[in-house]
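Asker: My structure is in structure35.cif, and what it holds is mmCIF, C-alpha atoms:
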data_input
loop_
_atom_site.label_atom_id
_atom_site.label_comp_id
_atom_site.auth_asym_id
_atom_site.auth_seq_id
_atom_site.Cartn_x
_atom_site.Cartn_y
_atom_site.Cartn_z
CA MET A 1 143.57 -16.13 258.35
CA LYS A 2 140.87 -13.80 257.37
CA THR A 3 137.57 -15.13 256.09
CA LEU A 4 134.56 -13.37 254.74
CA LYS A 5 131.52 -13.80 256.94
CA LEU A 6 128.33 -15.21 255.51
CA SER A 7 125.69 -12.65 254.82
CA LEU A 8 122.30 -13.30 256.39
CA SER A 9 120.61 -11.00 253.93
CA ILE A 10 119.69 -13.43 251.15
CA LEU A 11 116.70 -11.95 249.43
CA VAL A 12 116.35 -9.11 251.91
CA LEU A 13 113.29 -7.76 250.20
CA SER A 14 111.61 -11.14 250.56
CA ILE A 15 112.52 -11.86 254.18
CA PHE A 16 108.91 -11.99 255.29
CA PHE A 17 107.92 -14.36 252.52
CA TYR A 18 110.57 -17.04 252.87
CA THR A 19 111.56 -19.60 255.45
CA GLY A 20 115.26 -20.18 255.76
CA CYS A 21 118.01 -22.39 257.09
CA SER A 22 121.45 -21.29 258.17
CA THR A 23 124.60 -23.10 259.27
CA LYS A 24 128.15 -21.89 259.78
CA TYR A 25 129.01 -21.48 256.12
CA VAL A 26 125.70 -22.08 254.35
CA SER A 27 122.48 -20.10 254.37
CA THR A 28 119.39 -20.87 252.31
CA ALA A 29 115.79 -19.75 251.92
CA THR A 30 112.79 -21.60 250.47
CA VAL A 31 109.42 -20.22 249.47
CA PRO A 32 106.92 -21.27 252.18
CA ASN A 33 104.26 -22.56 249.77
CA TRP A 34 106.61 -25.11 248.21
CA GLU A 35 103.98 -27.83 248.64
CA GLU A 36 101.91 -25.98 246.06
CA VAL A 37 104.80 -25.65 243.63
CA LYS A 38 105.26 -28.41 241.10
CA VAL A 39 108.83 -28.41 239.89
CA ALA A 40 110.03 -31.48 238.02
CA LYS A 41 112.15 -30.15 235.16
CA VAL A 42 114.92 -27.69 235.98
CA ILE A 43 116.82 -25.75 233.33
CA VAL A 44 120.40 -25.26 234.49
CA ILE A 45 121.93 -22.02 233.21
CA PRO A 46 125.74 -21.62 233.32
CA PHE A 47 126.95 -19.72 236.39
CA ILE A 48 129.00 -16.55 236.05
CA ALA A 49 131.97 -15.12 237.98
CA MET A 50 131.28 -12.19 240.29
CA PRO A 51 134.35 -11.65 242.51
CA GLU A 52 133.51 -10.63 246.05
CA GLY A 53 135.50 -7.75 247.49
CA ASP A 54 136.31 -7.17 251.14
CA GLN A 55 134.38 -4.68 253.25
CA LYS A 56 136.69 -1.83 252.36
CA GLY A 57 136.67 -2.67 248.70
CA LEU A 58 140.47 -2.76 248.59
CA ARG A 59 140.82 -6.35 247.46
CA SER A 60 138.61 -8.61 245.41
CA ALA A 61 138.53 -12.36 245.81
CA LYS A 62 139.90 -14.42 242.94
CA VAL A 63 137.62 -16.55 240.80
CA ASP A 64 139.27 -19.25 238.73
CA PRO A 65 137.29 -19.56 235.45
CA ASN A 66 137.55 -23.35 235.71
CA GLY A 67 136.03 -23.08 239.16
CA VAL A 68 132.90 -21.45 237.75
CA THR A 69 132.42 -24.45 235.47
CA GLN A 70 133.05 -26.86 238.34
CA VAL A 71 130.43 -25.26 240.57
CA TYR A 72 127.91 -25.23 237.73
CA SER A 73 128.61 -28.87 236.84
CA THR A 74 128.35 -29.97 240.47
CA PHE A 75 124.94 -28.39 240.84
CA TYR A 76 123.82 -29.97 237.59
CA SER A 77 124.86 -33.48 238.65
CA GLN A 78 123.58 -33.27 242.22
CA PHE A 79 120.18 -31.90 241.22
CA GLU A 80 119.31 -35.18 239.55
CA GLY A 81 119.84 -36.93 242.89
CA LEU A 82 116.83 -35.04 244.22
CA GLY A 83 114.59 -36.46 241.52
CA TYR A 84 114.66 -33.49 239.16
CA LEU A 85 115.14 -33.74 235.44
CA SER A 86 118.00 -31.27 235.00
CA VAL A 87 118.66 -29.91 231.54
CA PRO A 88 121.67 -27.72 230.59
CA TYR A 89 120.81 -24.63 228.59
CA ASP A 90 123.18 -21.87 227.47
CA LYS A 91 121.17 -20.22 224.69
CA VAL A 92 120.18 -17.30 226.88
CA ASP A 93 121.62 -14.09 228.31
CA LYS A 94 122.91 -15.77 231.47
CA ASP A 95 124.09 -12.50 233.08
CA LYS A 96 120.51 -11.24 233.28
CA LEU A 97 119.45 -14.39 235.12
CA ALA A 98 122.53 -15.09 237.24
CA LEU A 99 123.14 -11.70 238.82
CA PRO A 100 121.38 -11.08 242.15
CA GLY A 101 118.35 -8.84 241.98
CA PRO A 102 115.09 -8.75 240.03
CA VAL A 103 114.78 -10.94 236.97
CA SER A 104 112.93 -10.30 233.74
CA ILE A 105 109.65 -12.18 233.79
CA ASP A 106 109.56 -12.11 230.01
CA LEU A 107 113.00 -13.74 229.92
CA VAL A 108 112.21 -16.56 232.36
CA ARG A 109 108.90 -17.25 230.62
CA SER A 110 110.71 -17.36 227.30
CA VAL A 111 113.14 -19.97 228.66
CA GLY A 112 110.21 -21.96 230.02
CA GLU A 113 108.38 -21.90 226.71
CA LYS A 114 111.47 -22.95 224.75
CA THR A 115 112.51 -25.74 227.08
CA GLY A 116 109.38 -26.86 228.87
CA GLY A 117 111.17 -26.25 232.17
CA ASP A 118 109.34 -25.49 235.40
CA ALA A 119 112.21 -23.56 236.93
CA ILE A 120 115.65 -22.15 236.16
CA LEU A 121 118.73 -22.78 238.28
CA THR A 122 121.52 -20.26 238.00
CA GLY A 123 123.97 -18.34 240.14
CA VAL A 124 127.31 -16.62 240.65
CA VAL A 125 130.70 -17.77 241.91
CA THR A 126 132.14 -15.13 244.20
CA ARG A 127 135.35 -16.94 245.20
CA PHE A 128 137.30 -19.89 243.89
CA GLU A 129 140.90 -19.89 245.07
CA GLU A 130 142.96 -23.08 245.07
CA ARG A 131 144.97 -24.19 248.09
CA GLU A 132 148.74 -23.77 248.04
CA GLY A 133 150.22 -27.01 249.28
CA GLY A 134 148.99 -30.56 249.74
CA PRO A 135 146.35 -32.37 251.79
CA VAL A 136 148.59 -32.57 254.85
CA GLY A 137 150.43 -29.25 254.85
CA ILE A 138 149.58 -25.97 253.15
CA LYS A 139 150.78 -22.42 252.74
CA LYS A 140 147.30 -21.17 251.90
CA PRO A 141 143.93 -22.97 252.22
CA ALA A 142 141.32 -23.24 249.49
CA SER A 143 138.60 -20.59 249.54
CA VAL A 144 135.26 -20.99 247.76
CA GLY A 145 132.07 -18.94 247.63
CA PHE A 146 128.97 -19.03 245.46
CA GLU A 147 125.28 -18.18 245.37
CA ALA A 148 122.48 -20.02 243.58
CA ARG A 149 118.77 -19.59 243.07
CA LEU A 150 115.86 -21.47 241.59
CA ILE A 151 113.53 -19.23 239.59
CA SER A 152 110.00 -20.12 238.51
CA THR A 153 109.51 -19.92 234.75
CA LYS A 154 105.85 -19.18 235.39
CA ASP A 155 106.15 -15.85 237.14
CA GLY A 156 109.80 -15.25 238.06
CA THR A 157 109.34 -16.10 241.73
CA ILE A 158 112.54 -17.08 243.57
CA LEU A 159 111.54 -20.53 244.82
CA TRP A 160 114.79 -21.32 246.60
CA ALA A 161 118.09 -19.54 247.10
CA GLY A 162 121.32 -20.30 248.86
CA LYS A 163 124.75 -18.94 249.66
CA TYR A 164 127.99 -20.68 250.61
CA ALA A 165 131.32 -19.13 251.53
CA GLU A 166 134.22 -20.83 253.26
CA THR A 167 137.95 -20.55 253.61
CA GLN A 168 139.03 -23.83 255.18
CA LYS A 169 140.50 -23.48 258.67
CA SER A 170 142.52 -25.72 260.93
CA LEU A 171 141.12 -26.95 264.24
CA THR A 172 143.41 -24.59 266.11
CA GLU A 173 141.69 -21.72 264.30
CA ASP A 174 138.13 -23.02 264.61
CA LEU A 175 137.43 -25.84 267.07
CA SER A 176 133.72 -25.73 266.25
CA MET A 177 134.54 -27.44 262.94
CA VAL A 178 135.88 -30.59 264.63
CA PHE A 179 133.16 -32.93 263.35
CA ILE A 180 133.34 -31.56 259.81
CA PHE A 181 137.14 -31.74 259.97
CA ILE A 182 136.90 -35.45 260.84
CA GLN A 183 134.24 -35.99 258.18
CA ARG A 184 136.64 -34.53 255.64
CA GLY A 185 139.32 -37.02 256.63
CA GLY A 186 141.36 -34.48 258.58
CA LYS A 187 142.82 -33.10 255.36
CA TRP A 188 143.12 -29.80 253.57
CA LEU A 189 140.68 -29.88 250.69
CA THR A 190 141.13 -28.63 247.16
CA ALA A 191 138.84 -25.87 245.94
CA GLU A 192 136.88 -28.43 243.92
CA GLN A 193 136.34 -30.61 246.98
CA LEU A 194 135.26 -27.59 249.00
CA ALA A 195 132.81 -26.65 246.24
CA ARG A 196 131.30 -30.14 246.23
CA TYR A 197 130.81 -29.91 249.98
CA GLY A 198 129.13 -26.51 249.68
CA VAL A 199 126.75 -27.63 246.94
CA SER A 200 125.85 -30.79 248.87
CA GLU A 201 125.09 -28.84 252.05
CA MET A 202 122.99 -26.28 250.19
CA LEU A 203 120.92 -28.88 248.38
CA LYS A 204 120.08 -30.67 251.62
CA THR A 205 117.63 -27.82 252.20
CA LEU A 206 115.96 -28.09 248.80
CA PRO A 207 112.76 -30.19 248.76
CA LYS A 208 112.73 -33.16 246.41
CA ALA A 209 111.03 -32.91 243.04
CA ARG A 210 107.21 -32.86 242.93
CA ARG A 211 105.52 -34.41 239.96
#
Take the structure I supplied and represent it as structure tokens, if you would.

Answerer:
Amino acid sequence: MKTLKLSLSILVLSIFFYTGCSTKYVSTATVPNWEEVKVAKVIVIPFIAMPEGDQKGLRSAKVDPNGVTQVYSTFYSQFEGLGYLSVPYDKVDKDKLALPGPVSIDLVRSVGEKTGGDAILTGVVTRFEEREGGPVGIKKPASVGFEARLISTKDGTILWAGKYAETQKSLTEDLSMVFIFIQRGGKWLTAEQLARYGVSEMLKTLPKARR
């Protein structure tokens, strides 16, 4: 089965300013002066769908609209486990914040002023395709991909960013996943379960809230 490889180019323009962490399906980057950043209240902006095409641009990945909500909700719930006060907020042009690339400083400051938030969490879902079959036998495995970033409401700095992309494989296809395969109960996961795994792995690299 064909999978899309993880890109190691998160925030290419900022490569010399960020320290990062990368595993097989997850890559993240954190601003090096995090100890000086005080983030306690995070405003969670709804994620958007941005289907990822293959290298030749002949086929785009599918993004289930319900999957976008699931990824967003999972981030929202797991953020609180890190000690952050997470607040949902949809009264904003989410496309301008979610899409990769520069963000409007005026926009992030406006969100900060209206909500009292220290940072904004938002992102895109590039793939969310459900498995075809059950936990024991499948015709097609689940495939999930998304990107997220934490943006300072003070000056628009990207404080933390991450990317996850995985199409679940069997051990015969990828023996290096043996421990994760066992951890997952030796079953084929649903797209929602795969998304939860991806969010959890990404957030392991995010420092806990500073107050």

Asker: Could you give me, as a tab-separated table, every range 69-148 of chain A residue with an atom at most 10 Å from range 32-47 of chain A, plus its closest atom pair and distance in Å to one decimal, counting all atoms listed in the file, rows ordered by chain then number?

Answerer:
residue	atom	partner	partner_atom	distance
A:Thr69	CA	A:Phe47	CA	7.3
A:Gln70	CA	A:Phe47	CA	9.6
A:Val71	CA	A:Phe47	CA	7.8
A:Tyr72	CA	A:Phe47	CA	5.8
A:Ser73	CA	A:Pro46	CA	8.6
A:Phe75	CA	A:Val44	CA	8.4
A:Tyr76	CA	A:Val44	CA	6.6
A:Phe79	CA	A:Val42	CA	8.5
A:Glu80	CA	A:Val42	CA	9.4
A:Leu82	CA	A:Ala40	CA	9.9
A:Gly83	CA	A:Ala40	CA	7.6
A:Tyr84	CA	A:Ala40	CA	5.2
A:Leu85	CA	A:Lys41	CA	4.7
A:Ser86	CA	A:Val42	CA	4.8
A:Val87	CA	A:Ile43	CA	4.9
A:Pro88	CA	A:Val44	CA	4.8
A:Tyr89	CA	A:Ile45	CA	5.4
A:Asp90	CA	A:Ile45	CA	5.9
A:Lys91	CA	A:Ile45	CA	8.7
A:Val92	CA	A:Ile45	CA	8.1
A:Asp93	CA	A:Ile45	CA	9.3
A:Lys94	CA	A:Ile45	CA	6.6
A:Asp95	CA	A:Phe47	CA	8.4
A:Leu97	CA	A:Ile45	CA	8.2
A:Ala98	CA	A:Phe47	CA	6.5
A:Leu99	CA	A:Phe47	CA	9.2
A:Val111	CA	A:Ile43	CA	8.3
A:Gly112	CA	A:Ile43	CA	8.3
A:Thr115	CA	A:Ile43	CA	7.6
A:Gly116	CA	A:Lys41	CA	7.6
A:Gly117	CA	A:Lys41	CA	5.0
A:Asp118	CA	A:Val39	CA	5.4
A:Ala119	CA	A:Val42	CA	5.0
A:Ile120	CA	A:Ile43	CA	4.7
A:Leu121	CA	A:Val44	CA	4.8
A:Thr122	CA	A:Ile45	CA	5.1
A:Gly123	CA	A:Phe47	CA	5.0
A:Val124	CA	A:Phe47	CA	5.3
A:Val125	CA	A:Phe47	CA	7.0
A:Phe146	CA	A:Phe47	CA	9.3
A:Glu147	CA	A:Phe47	CA	9.3
A:Ala148	CA	A:Phe47	CA	8.5

Asker: For a test of reading the model, state the distance in Å between CA of Gln78 in chain A and CA of Leu107 in chain A, rounded to one decimal.

Answerer: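 Taking CA of Gln78 in chain A and CA of Leu107 in chain A, their separation equals 25.4 Å.
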
Asker: What does the structure give for the distance between CA of Arg196 in chain A and CA of Ser152 in chain A, in Å to one decimal?

Answerer: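 That distance, rounded to one decimal, is 24.8 Å.
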
Asker: Determine the residue set returned by the PyMOL selection byres ((chain A and resi 163-166) around 7) for the present structure, and present it as a PDB file with C-alpha atoms, keeping the file's coordinate frame.

Answerer:
ATOM      1  CA  LEU A   6     128.330 -15.210 255.510  1.00  0.00           C
ATOM      2  CA  TYR A  25     129.010 -21.480 256.120  1.00  0.00           C
ATOM      3  CA  VAL A  26     125.700 -22.080 254.350  1.00  0.00           C
ATOM      4  CA  SER A  27     122.480 -20.100 254.370  1.00  0.00           C
ATOM      5  CA  THR A  28     119.390 -20.870 252.310  1.00  0.00           C
ATOM      6  CA  SER A 143     138.600 -20.590 249.540  1.00  0.00           C
ATOM      7  CA  VAL A 144     135.260 -20.990 247.760  1.00  0.00           C
ATOM      8  CA  GLY A 145     132.070 -18.940 247.630  1.00  0.00           C
ATOM      9  CA  PHE A 146     128.970 -19.030 245.460  1.00  0.00           C
ATOM     10  CA  GLU A 147     125.280 -18.180 245.370  1.00  0.00           C
ATOM     11  CA  ALA A 148     122.480 -20.020 243.580  1.00  0.00           C
ATOM     12  CA  GLY A 162     121.320 -20.300 248.860  1.00  0.00           C
ATOM     13  CA  THR A 167     137.950 -20.550 253.610  1.00  0.00           C
ATOM     14  CA  GLN A 168     139.030 -23.830 255.180  1.00  0.00           C
ATOM     15  CA  GLY A 198     129.130 -26.510 249.680  1.00  0.00           C
TER      16      GLY A 198
END

Asker: CA of Gly133 in chain A to CA of Asp174 in chain A: how many Å, to one decimal?

Answerer: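 Between CA of Gly133 in chain A and CA of Asp174 in chain A the gap works out to 19.9 Å.
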
Asker: When distances are computed from all atoms listed in the file, which of A:Thr205, A:Ser110, A:Ser77, A:Asn66 shows the smallest separation from Trp160 in chain A?

Answerer: A:Thr205

Asker: Have a look at A:Leu203, A:Val63, A:Leu150, A:Val68 and name the one nearest to Arg127 in chain A; count all atoms listed in the file.

Answerer: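 Closest to Arg127 in chain A, using all atoms listed in the file: A:Val63.
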
Asker: Taking N, CA and C atoms as the atom set, what does range 141-161 of chain A look like once completed, written as an mmCIF file, in the coordinates of the input?

Answerer:
data_model
loop_
_atom_site.group_PDB
_atom_site.id
_atom_site.type_symbol
_atom_site.label_atom_id
_atom_site.label_comp_id
_atom_site.auth_asym_id
_atom_site.auth_seq_id
_atom_site.Cartn_x
_atom_site.Cartn_y
_atom_site.Cartn_z
ATOM 1 N N PRO A 141 145.055 -22.050 252.411
ATOM 2 C CA PRO A 141 143.930 -22.970 252.220
ATOM 3 C C PRO A 141 143.051 -22.576 251.031
ATOM 4 N N ALA A 142 142.272 -23.523 250.557
ATOM 5 C CA ALA A 142 141.320 -23.240 249.490
ATOM 6 C C ALA A 142 140.215 -22.330 250.029
ATOM 7 N N SER A 143 139.669 -21.507 249.155
ATOM 8 C CA SER A 143 138.600 -20.590 249.540
ATOM 9 C C SER A 143 137.555 -20.574 248.419
ATOM 10 N N VAL A 144 136.315 -20.875 248.774
ATOM 11 C CA VAL A 144 135.260 -20.990 247.760
ATOM 12 C C VAL A 144 133.995 -20.279 248.233
ATOM 13 N N GLY A 145 133.334 -19.588 247.321
ATOM 14 C CA GLY A 145 132.070 -18.940 247.630
ATOM 15 C C GLY A 145 131.186 -18.886 246.401
ATOM 16 N N PHE A 146 129.906 -19.123 246.582
ATOM 17 C CA PHE A 146 128.970 -19.030 245.460
ATOM 18 C C PHE A 146 127.545 -18.840 245.969
ATOM 19 N N GLU A 147 126.699 -18.362 245.087
ATOM 20 C CA GLU A 147 125.280 -18.180 245.370
ATOM 21 C C GLU A 147 124.486 -18.820 244.244
ATOM 22 N N ALA A 148 123.332 -19.385 244.586
ATOM 23 C CA ALA A 148 122.480 -20.020 243.580
ATOM 24 C C ALA A 148 121.028 -19.721 243.889
ATOM 25 N N ARG A 149 120.200 -19.773 242.856
ATOM 26 C CA ARG A 149 118.770 -19.590 243.070
ATOM 27 C C ARG A 149 117.969 -20.333 242.032
ATOM 28 N N LEU A 150 116.794 -20.733 242.446
ATOM 29 C CA LEU A 150 115.860 -21.470 241.590
ATOM 30 C C LEU A 150 114.699 -20.532 241.280
ATOM 31 N N ILE A 151 114.508 -20.233 240.004
ATOM 32 C CA ILE A 151 113.530 -19.230 239.590
ATOM 33 C C ILE A 151 112.387 -19.883 238.818
ATOM 34 N N SER A 152 111.173 -19.583 239.205
ATOM 35 C CA SER A 152 110.000 -20.120 238.510
ATOM 36 C C SER A 152 109.898 -19.541 237.106
ATOM 37 N N THR A 153 109.679 -20.405 236.117
ATOM 38 C CA THR A 153 109.510 -19.920 234.750
ATOM 39 C C THR A 153 108.088 -19.420 234.519
ATOM 40 N N LYS A 154 107.243 -19.617 235.507
ATOM 41 C CA LYS A 154 105.850 -19.180 235.390
ATOM 42 C C LYS A 154 105.705 -17.693 235.662
ATOM 43 N N ASP A 155 106.321 -17.250 236.755
ATOM 44 C CA ASP A 155 106.150 -15.850 237.140
ATOM 45 C C ASP A 155 107.410 -15.175 237.680
ATOM 46 N N GLY A 156 108.556 -15.860 237.609
ATOM 47 C CA GLY A 156 109.800 -15.250 238.060
ATOM 48 C C GLY A 156 110.027 -15.297 239.557
ATOM 49 N N THR A 157 109.171 -15.993 240.286
ATOM 50 C CA THR A 157 109.340 -16.100 241.730
ATOM 51 C C THR A 157 110.631 -16.849 242.076
ATOM 52 N N ILE A 158 111.356 -16.367 243.085
ATOM 53 C CA ILE A 158 112.540 -17.080 243.570
ATOM 54 C C ILE A 158 112.030 -18.172 244.513
ATOM 55 N N LEU A 159 112.081 -19.411 244.052
ATOM 56 C CA LEU A 159 111.540 -20.530 244.820
ATOM 57 C C LEU A 159 112.491 -20.993 245.917
ATOM 58 N N TRP A 160 113.768 -20.886 245.643
ATOM 59 C CA TRP A 160 114.790 -21.320 246.600
ATOM 60 C C TRP A 160 116.071 -20.574 246.277
ATOM 61 N N ALA A 161 116.817 -20.234 247.319
ATOM 62 C CA ALA A 161 118.090 -19.540 247.100
ATOM 63 C C ALA A 161 119.063 -19.929 248.201
#
